[in-house]
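Structure file final.csv; described as CSV, C-alpha atoms.
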chain,number,residue,atom,x,y,z
A,2,MET,CA,91.6,52.6,-58.6
A,3,GLU,CA,90.5,55.6,-56.6
A,4,LEU,CA,93.1,58.2,-55.7
A,5,GLU,CA,93.2,56.9,-52.1
A,6,ASP,CA,93.8,53.4,-53.4
A,7,MET,CA,96.6,54.6,-55.6
A,8,GLY,CA,98.2,56.3,-52.7
A,9,ARG,CA,98.0,53.1,-50.6
A,10,VAL,CA,99.6,51.1,-53.4
A,11,PHE,CA,102.4,53.7,-53.9
A,12,GLN,CA,103.2,53.9,-50.2
A,13,TYR,CA,103.5,50.1,-49.9
A,14,LEU,CA,105.7,49.8,-53.0
A,15,LEU,CA,108.0,52.6,-51.8
A,16,LYS,CA,108.7,50.6,-48.7
A,17,HIS,CA,108.9,47.1,-50.1
A,18,ARG,CA,109.6,47.7,-53.8
A,19,SER,CA,107.5,44.6,-54.8
A,20,VAL,CA,104.2,43.0,-54.0
A,21,GLU,CA,102.9,39.5,-54.7
A,22,TYR,CA,99.4,37.9,-55.0
A,23,ARG,CA,99.7,34.4,-53.5
A,24,PRO,CA,103.4,34.7,-52.6
A,25,ARG,CA,105.3,31.4,-52.7
A,26,GLY,CA,107.4,30.2,-49.8
A,27,ARG,CA,106.7,33.1,-47.4
A,28,ARG,CA,104.0,34.8,-45.5
A,29,SER,CA,102.5,38.0,-46.9
A,30,ASN,CA,103.8,41.3,-45.5
A,31,ASP,CA,101.4,43.5,-43.5
A,32,GLY,CA,99.0,45.1,-46.0
A,33,GLU,CA,100.3,43.1,-49.0
A,34,PRO,CA,97.1,41.1,-49.7
A,35,ASP,CA,95.1,44.4,-49.9
A,36,VAL,CA,97.6,46.0,-52.2
A,37,ALA,CA,97.9,42.9,-54.4
A,38,ASN,CA,94.1,42.7,-54.7
A,39,LEU,CA,93.9,46.4,-55.7
A,40,LEU,CA,96.4,45.8,-58.5
A,41,ARG,CA,94.9,42.6,-59.5
A,42,GLY,CA,91.5,44.2,-59.8
A,43,SER,CA,92.6,47.3,-61.6
A,44,SER,CA,91.4,47.9,-65.1
A,45,LEU,CA,93.8,48.7,-68.0
A,46,ASP,CA,92.8,52.4,-67.6
A,47,ASP,CA,93.6,52.3,-63.9
A,48,PHE,CA,97.0,50.6,-64.5
A,49,ASP,CA,97.9,53.2,-67.2
A,50,GLN,CA,96.9,56.0,-64.9
A,51,PHE,CA,99.1,54.7,-62.2
A,52,GLN,CA,102.0,54.3,-64.6
A,53,ARG,CA,101.5,58.0,-65.7
A,54,PHE,CA,101.6,58.9,-62.0
A,55,LEU,CA,104.9,57.0,-61.6
A,56,ARG,CA,106.7,58.2,-64.7
A,57,PRO,CA,107.6,61.8,-63.6
A,58,GLN,CA,109.2,60.2,-60.5
A,59,GLY,CA,111.5,58.0,-62.6
A,60,LEU,CA,109.6,54.9,-61.8
A,61,LYS,CA,107.4,52.3,-63.4
A,62,LEU,CA,105.4,49.2,-62.3
A,63,VAL,CA,106.4,45.9,-64.0
A,64,GLU,CA,104.0,42.9,-63.7
A,65,PHE,CA,104.9,39.2,-63.8
A,66,ASP,CA,102.5,36.2,-64.0
A,67,ASP,CA,103.1,32.6,-63.2
A,68,HIS,CA,105.2,32.1,-66.3
A,69,MET,CA,108.1,33.7,-64.3
A,70,ARG,CA,109.9,31.2,-62.1
A,71,GLY,CA,109.2,31.9,-58.4
A,72,VAL,CA,105.7,33.2,-59.0
A,73,SER,CA,103.1,30.8,-57.6
A,74,THR,CA,100.5,29.1,-59.9
A,75,ALA,CA,97.8,31.6,-60.7
A,76,GLY,CA,99.8,34.2,-58.8
A,77,ARG,CA,101.2,37.5,-59.9
A,78,ALA,CA,104.0,39.8,-58.9
A,79,TRP,CA,104.6,43.5,-59.4
A,80,VAL,CA,107.9,45.3,-58.9
A,81,LEU,CA,108.5,49.1,-58.6
A,82,ALA,CA,111.4,49.5,-61.0
A,83,ARG,CA,113.4,52.5,-62.1
A,84,ASP,CA,112.8,54.2,-65.5
A,85,LEU,CA,116.2,55.6,-66.5
A,86,ASP,CA,114.6,57.7,-69.2
A,87,ALA,CA,113.2,59.9,-66.4
A,88,THR,CA,114.8,61.8,-63.5
A,89,PRO,CA,114.5,60.1,-60.1
A,90,ALA,CA,112.3,61.7,-57.6
A,91,ALA,CA,113.9,63.8,-54.8
A,92,PHE,CA,113.1,61.2,-52.1
A,93,PHE,CA,115.6,58.8,-53.8
A,94,SER,CA,119.0,59.9,-52.8
A,95,THR,CA,122.7,58.7,-53.0
A,96,GLU,CA,123.3,60.6,-49.8
A,97,ARG,CA,122.1,57.8,-47.6
A,98,LEU,CA,124.4,55.4,-49.5
A,99,TYR,CA,127.4,57.7,-48.9
A,100,ARG,CA,126.5,58.0,-45.2
A,101,GLU,CA,126.0,54.3,-44.5
A,102,MET,CA,129.0,53.1,-46.4
A,103,ARG,CA,131.2,55.4,-44.3
A,104,ILE,CA,132.9,53.6,-41.4
A,105,ARG,CA,135.1,56.5,-40.2
A,106,ASP,CA,134.8,60.3,-40.1
A,107,GLY,CA,136.3,62.3,-42.9
A,108,GLU,CA,136.0,59.7,-45.7
A,109,SER,CA,135.6,61.3,-49.2
A,110,ARG,CA,132.8,60.6,-51.6
A,111,GLU,CA,135.4,59.1,-53.9
A,112,ALA,CA,136.4,56.5,-51.3
A,113,LEU,CA,132.9,55.6,-50.5
A,114,ALA,CA,131.9,55.2,-54.1
A,115,VAL,CA,135.0,53.1,-54.8
A,116,TRP,CA,134.1,50.7,-52.0
A,117,PHE,CA,130.5,50.4,-53.0
A,118,LEU,CA,131.2,49.9,-56.7
A,119,HIS,CA,134.0,47.3,-56.1
A,120,ILE,CA,131.8,45.3,-53.8
A,121,TRP,CA,128.9,45.6,-56.2
A,122,LEU,CA,131.0,44.2,-59.1
A,123,ILE,CA,132.2,41.3,-56.9
A,124,TYR,CA,128.6,40.6,-55.9
A,125,LEU,CA,127.7,40.4,-59.6
A,126,SER,CA,130.6,38.0,-60.2
A,127,LEU,CA,129.1,35.7,-57.6
A,128,ILE,CA,125.6,35.6,-59.1
A,129,TYR,CA,126.4,36.0,-62.8
A,130,THR,CA,130.0,35.3,-63.8
A,131,ARG,CA,130.8,32.3,-61.6
A,132,PRO,CA,127.6,30.3,-62.4
A,133,GLY,CA,127.8,31.3,-66.1
A,134,ARG,CA,124.5,33.2,-66.0
A,135,GLY,CA,123.7,35.9,-68.5
A,136,ILE,CA,122.6,39.4,-67.6
A,137,SER,CA,119.3,38.8,-69.4
A,138,GLU,CA,118.4,35.7,-67.5
A,139,VAL,CA,116.0,37.3,-65.0
A,140,SER,CA,114.4,34.0,-63.9
A,141,GLY,CA,117.9,32.9,-62.6
A,142,TYR,CA,117.3,35.1,-59.5
A,143,LEU,CA,115.9,32.0,-57.7
A,144,ASP,CA,119.4,30.4,-57.9
A,145,ALA,CA,121.3,33.6,-57.3
A,146,THR,CA,122.3,32.8,-53.7
A,147,PHE,CA,125.4,33.7,-51.8
A,148,SER,CA,126.6,34.1,-48.2
A,149,ARG,CA,128.0,37.1,-46.5
A,150,GLU,CA,131.1,35.1,-45.6
A,151,VAL,CA,131.7,34.2,-49.3
A,152,LEU,CA,131.2,37.8,-50.4
A,153,THR,CA,133.6,39.0,-47.7
A,154,GLU,CA,136.2,36.5,-48.7
A,155,ALA,CA,135.9,37.5,-52.3
A,156,VAL,CA,136.3,41.2,-51.5
A,157,GLU,CA,139.4,40.4,-49.3
A,158,GLU,CA,140.9,38.4,-52.2
A,159,HIS,CA,140.2,41.3,-54.6
A,160,VAL,CA,141.9,43.8,-52.2
A,161,GLU,CA,144.9,41.6,-51.9
A,162,HIS,CA,145.1,41.4,-55.7
A,163,VAL,CA,144.9,45.1,-56.0
A,164,ARG,CA,147.7,45.5,-53.4
A,165,ASN,CA,150.0,43.4,-55.5
A,166,SER,CA,149.1,45.1,-58.7
A,167,GLY,CA,152.0,47.6,-58.6
A,168,MET,CA,149.8,50.5,-59.7
A,169,SER,CA,150.7,53.7,-57.8
A,170,GLU,CA,149.9,56.7,-60.2
A,171,GLY,CA,146.9,58.5,-61.5
A,172,ALA,CA,143.3,57.4,-60.9
A,173,GLU,CA,144.4,53.7,-60.6
A,174,GLY,CA,146.9,54.7,-57.9
A,175,ARG,CA,144.1,56.5,-55.9
A,176,ILE,CA,141.9,53.4,-56.1
A,177,VAL,CA,144.8,51.2,-54.9
A,178,ALA,CA,145.4,53.6,-52.0
A,179,ILE,CA,141.7,53.6,-51.0
A,180,LEU,CA,141.4,49.8,-51.1
A,181,ASP,CA,144.8,49.3,-49.4
A,182,SER,CA,143.9,51.4,-46.5
A,183,GLU,CA,141.5,48.9,-44.9
A,184,LYS,CA,142.6,47.2,-41.7
A,185,GLY,CA,141.2,44.7,-39.2
A,186,GLN,CA,137.4,44.3,-39.6
A,187,ASP,CA,137.0,47.2,-42.1
A,188,ILE,CA,136.2,45.0,-45.0
A,189,ASN,CA,133.6,43.0,-43.0
A,190,ARG,CA,132.0,46.3,-42.0
A,191,ARG,CA,131.9,47.6,-45.6
A,192,VAL,CA,130.3,44.3,-46.8
A,193,LEU,CA,127.7,44.5,-44.1
A,194,ALA,CA,126.8,48.1,-45.0
A,195,PHE,CA,126.6,47.1,-48.7
A,196,LEU,CA,124.2,44.2,-47.9
A,197,ASN,CA,122.0,46.4,-45.8
A,198,LEU,CA,121.7,49.0,-48.5
A,199,MET,CA,120.9,46.4,-51.1
A,200,LYS,CA,118.2,44.9,-48.9
A,201,ASP,CA,116.7,48.3,-48.3
A,202,ALA,CA,116.5,48.8,-52.0
A,203,GLY,CA,114.7,45.5,-52.5
A,204,LEU,CA,117.5,44.1,-54.7
A,205,ILE,CA,118.4,41.2,-52.4
A,206,GLN,CA,116.7,39.5,-49.6
A,207,GLU,CA,118.1,37.6,-46.6
A,208,ALA,CA,117.0,34.0,-47.0
A,209,SER,CA,118.4,32.9,-43.7
A,210,ALA,CA,121.0,34.2,-41.2
A,211,GLY,CA,124.0,35.3,-43.3
A,212,GLU,CA,122.5,33.8,-46.6
A,213,TYR,CA,121.2,36.1,-49.3
A,214,GLN,CA,119.3,35.8,-52.6
A,215,GLN,CA,118.8,38.2,-55.4
A,216,THR,CA,115.1,39.4,-55.8
A,217,LEU,CA,113.0,39.5,-58.9
A,218,LEU,CA,113.3,43.3,-58.8
A,219,GLY,CA,117.1,43.0,-58.6
A,220,ALA,CA,117.3,40.6,-61.5
A,221,TYR,CA,114.9,42.8,-63.6
A,222,GLU,CA,116.9,46.0,-63.0
A,223,ILE,CA,120.2,44.4,-63.9
A,224,SER,CA,118.7,43.0,-67.1
A,225,GLU,CA,117.3,46.4,-68.0
A,226,HIS,CA,119.9,48.8,-66.9
A,227,TYR,CA,123.4,47.2,-66.5
A,228,GLY,CA,124.9,48.4,-69.7
A,229,ARG,CA,123.6,52.0,-69.5
A,230,THR,CA,124.5,52.3,-65.8
A,231,LEU,CA,128.2,51.7,-66.2
A,232,LYS,CA,128.5,54.4,-68.9
A,233,ALA,CA,127.3,57.2,-66.5
A,234,PRO,CA,129.3,59.5,-64.2
A,235,VAL,CA,130.1,58.0,-60.8
A,236,ASP,CA,127.2,59.6,-58.8
A,237,ASN,CA,124.8,58.5,-61.6
A,238,ILE,CA,126.2,55.0,-61.5
A,239,LEU,CA,125.4,54.8,-57.8
A,240,GLN,CA,121.9,56.2,-58.4
A,241,GLY,CA,121.4,53.7,-61.2
A,242,ILE,CA,122.6,50.7,-59.2
A,243,VAL,CA,120.5,51.3,-56.0
A,244,ASN,CA,117.8,53.8,-55.3
A,245,ILE,CA,117.4,54.1,-51.6
A,246,THR,CA,114.3,55.9,-50.2
A,247,THR,CA,115.3,58.5,-47.7
A,248,PRO,CA,112.7,59.0,-45.0
A,249,LYS,CA,111.7,62.6,-44.3
A,250,SER,CA,113.2,62.4,-40.8
A,251,ASP,CA,116.6,61.5,-42.4
A,252,GLN,CA,116.6,64.3,-45.0
A,253,GLN,CA,118.3,66.9,-42.8
A,254,ALA,CA,120.8,64.3,-41.6
A,255,ASP,CA,121.6,63.5,-45.3
A,256,LYS,CA,122.2,67.2,-45.9
A,257,ASP,CA,124.5,67.5,-42.9
A,258,ASP,CA,126.4,64.4,-44.0
A,259,SER,CA,126.8,65.7,-47.6
A,260,ASP,CA,128.0,69.0,-46.3
A,261,GLY,CA,130.8,67.1,-44.4
A,262,ILE,CA,131.8,64.9,-47.3
A,263,ASN,CA,134.1,66.4,-50.0
Here is a file; write its structure as structure tokens.
Amino acid sequence: MELEDMGRVFQYLLKHRSVEYRPRGRRSNDGEPDVANLLRGSSLDDFDQFQRFLRPQGLKLVEFDDHMRGVSTAGRAWVLARDLDATPAAFFSTERLYREMRIRDGESREALAVWFLHIWLIYLSLIYTRPGRGISEVSGYLDATFSREVLTEAVEEHVEHVRNSGMSEGAEGRIVAILDSEKGQDINRRVLAFLNLMKDAGLIQEASAGEYQQTLLGAYEISEHYGRTLKAPVDNILQGIVNITTPKSDQQADKDDSDGIN
């Protein structure tokens, strides 16, 4: 690949996080066939050079052929995955996560992190625990479907369970207070914000109105990073779960938001 081609591939992957040659069951995105052909036609040296370009940015390109469920016959798929052995690039930020999970002024980072992490764990229970699927079963992403309604109901049930837990002191008491503070449509709004962030990160896709499916990228990242992610500090947990690209036009807004969140 020429440097210009490499830039074109990188720009597409930053936006979509994955690319397919001969995608199955959907139309190609704008520019996807060109990018897929560039990757498909790249030499081993080209591919290695591109990986070396990605590595300092905390990223790597992972390729799948038609042995992976969901990849069409003679097709190929590539996902832009995180490399937790490297520091993420500056254009990936948790600030957007904090901003978009917020539904009222003055909410602390702790409250926003608690909500995202609890919804994330419930989401995992829907696509792994309930169907008896193992974390390493990447190909199960095709069957990992759920509805916004079911996720919302599961979160509501979880919050009710927490309310009845009787915990009122220490860190557990603070979490109870955060989850117990929701009223009216607050939980529905939190779930919608979570789903939008996960879609932007390429970890889930909306199969139809209100119906969602895990993506190949989402399944791969869970398989690779789940254990290491949960051992990290809270902000690193969020960074490990979902890297959201922050457009340049939003960077100042992110700074303003972070200045106002304690």
Tell me, as a compact mmCIF listing (two decimals) with C-alpha atoms, keeping the file's coordinate frame, which residues lie within 9 Å of Glu138 of chain A, counting all atoms listed in the file; anything in the same chain fewer than 3 positions away does not count.
# COMPACT_ATOMS: atom_id res chain seq x y z
CA ARG A 134 124.50 33.20 -66.00
CA GLY A 135 123.70 35.90 -68.50
CA GLY A 141 117.90 32.90 -62.60
CA TYR A 142 117.30 35.10 -59.50
CA ALA A 220 117.30 40.60 -61.50
CA TYR A 221 114.90 42.80 -63.60
CA SER A 224 118.70 43.00 -67.10
- Would you list the contacts of Met7 of chain A as a list in words, taking every protein, DNA or RNA residue within 12 Å and counting all atoms listed in the file, but skipping same-chain residues closer than 6 positions in sequence?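 Answer for this query is Tyr13, Leu14, Asp35, Val36, Ala37, Leu39, Leu40, Ser43, Asp47, Phe48, Asp49, Gln50, Phe51, Gln52, Arg53, Phe54 and Leu55 of chain A.
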- Cut-off 8 Å around (101.9, 35.4, -64.3) with all atoms listed in the file: residues as a list of chain:residue names: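 So the residues meeting the distance criterion are A:Glu64, A:Phe65, A:Asp66, A:Asp67, A:His68, A:Met69, A:Val72, A:Thr74, A:Ala75, A:Gly76, A:Arg77, A:Ala78.
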Please produce a file of those selected residues containing C-alpha atoms, as a PDB file, in the coordinates of the input.
ATOM      1  CA  GLU A  64     104.000  42.900 -63.700  1.00  0.00           C
ATOM      2  CA  PHE A  65     104.900  39.200 -63.800  1.00  0.00           C
ATOM      3  CA  ASP A  66     102.500  36.200 -64.000  1.00  0.00           C
ATOM      4  CA  ASP A  67     103.100  32.600 -63.200  1.00  0.00           C
ATOM      5  CA  HIS A  68     105.200  32.100 -66.300  1.00  0.00           C
ATOM      6  CA  MET A  69     108.100  33.700 -64.300  1.00  0.00           C
ATOM      7  CA  VAL A  72     105.700  33.200 -59.000  1.00  0.00           C
ATOM      8  CA  THR A  74     100.500  29.100 -59.900  1.00  0.00           C
ATOM      9  CA  ALA A  75      97.800  31.600 -60.700  1.00  0.00           C
ATOM     10  CA  GLY A  76      99.800  34.200 -58.800  1.00  0.00           C
ATOM     11  CA  ARG A  77     101.200  37.500 -59.900  1.00  0.00           C
ATOM     12  CA  ALA A  78     104.000  39.800 -58.900  1.00  0.00           C
TER      13      ALA A  78
END
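Put simply, atom CA of Gly185 of chain A is 28.4 Å away from atom CA of Gln215 of chain A.
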- Message: Need to verify the contact set: segment 145-150 of chain A, 12 Å, all atoms listed in the file, exclusion of same-chain residues closer than 5 positions in sequence. Can you return it as an NGL selection string?
- Response: :A and (120 or 123-136 or 138-140 or 155-157 or 188-197 or 204-217 or 219-220)
Save the residues we just selected, C-alpha atoms, as a tab-separated table (two decimals), keeping the file's coordinate frame?
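What follows is the written file again-v9.tsv:
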chain	number	residue	atom	x	y	z
A	120	ILE	CA	131.80	45.30	-53.80
A	123	ILE	CA	132.20	41.30	-56.90
A	124	TYR	CA	128.60	40.60	-55.90
A	125	LEU	CA	127.70	40.40	-59.60
A	126	SER	CA	130.60	38.00	-60.20
A	127	LEU	CA	129.10	35.70	-57.60
A	128	ILE	CA	125.60	35.60	-59.10
A	129	TYR	CA	126.40	36.00	-62.80
A	130	THR	CA	130.00	35.30	-63.80
A	131	ARG	CA	130.80	32.30	-61.60
A	132	PRO	CA	127.60	30.30	-62.40
A	133	GLY	CA	127.80	31.30	-66.10
A	134	ARG	CA	124.50	33.20	-66.00
A	135	GLY	CA	123.70	35.90	-68.50
A	136	ILE	CA	122.60	39.40	-67.60
A	138	GLU	CA	118.40	35.70	-67.50
A	139	VAL	CA	116.00	37.30	-65.00
A	140	SER	CA	114.40	34.00	-63.90
A	155	ALA	CA	135.90	37.50	-52.30
A	156	VAL	CA	136.30	41.20	-51.50
A	157	GLU	CA	139.40	40.40	-49.30
A	188	ILE	CA	136.20	45.00	-45.00
A	189	ASN	CA	133.60	43.00	-43.00
A	190	ARG	CA	132.00	46.30	-42.00
A	191	ARG	CA	131.90	47.60	-45.60
A	192	VAL	CA	130.30	44.30	-46.80
A	193	LEU	CA	127.70	44.50	-44.10
A	194	ALA	CA	126.80	48.10	-45.00
A	195	PHE	CA	126.60	47.10	-48.70
A	196	LEU	CA	124.20	44.20	-47.90
A	197	ASN	CA	122.00	46.40	-45.80
A	204	LEU	CA	117.50	44.10	-54.70
A	205	ILE	CA	118.40	41.20	-52.40
A	206	GLN	CA	116.70	39.50	-49.60
A	207	GLU	CA	118.10	37.60	-46.60
A	208	ALA	CA	117.00	34.00	-47.00
A	209	SER	CA	118.40	32.90	-43.70
A	210	ALA	CA	121.00	34.20	-41.20
A	211	GLY	CA	124.00	35.30	-43.30
A	212	GLU	CA	122.50	33.80	-46.60
A	213	TYR	CA	121.20	36.10	-49.30
A	214	GLN	CA	119.30	35.80	-52.60
A	215	GLN	CA	118.80	38.20	-55.40
A	216	THR	CA	115.10	39.40	-55.80
A	217	LEU	CA	113.00	39.50	-58.90
A	219	GLY	CA	117.10	43.00	-58.60
A	220	ALA	CA	117.30	40.60	-61.50
- Task: Quick one: pull the distance between atom CA of Gly174 of chain A and atom CA of Trp121 of chain A, Å, one decimal.
- Result: 20.2 Å
- Query: Which residues, written as a PyMOL selection string, have at least one atom at most 12 Å from Glu222 of chain A, with all atoms listed in the file counted and residues fewer than 3 positions away on the same chain left out?
  - Reply: chain A and resi 18+60-63+80-85+136-139+142+202-205+215-219+225-230+241-244
- Point-to-point distance from atom CA of Met102 of chain A to atom CA of His159 of chain A, Å rounded to tenths: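 So the two atoms, atom CA of Met102 of chain A and atom CA of His159 of chain A, lie 18.2 Å apart.
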- Message: Could you check the closest approach to Ser182 of chain A for each of A:Lys200, A:Arg164, A:Arg23, A:Lys16 and tell me which residue wins, using only C-alpha atoms?
- Response: A:Arg164
- Item | Counting all atoms listed in the file, the option among A:Leu198, A:Val10, A:Val115, A:Ala90 closest to Glu173 of chain A | A:Val115
Enclose all atoms of segment 209-212 of chain A listed in the file in an axis-aligned box, grow every side by 4 Å, and hand back centre and edge lengths in Å to one decimal, as JSON.
{"center_x": 121.2, "center_y": 34.1, "center_z": -43.9, "size_x": 13.6, "size_y": 10.4, "size_z": 13.4}
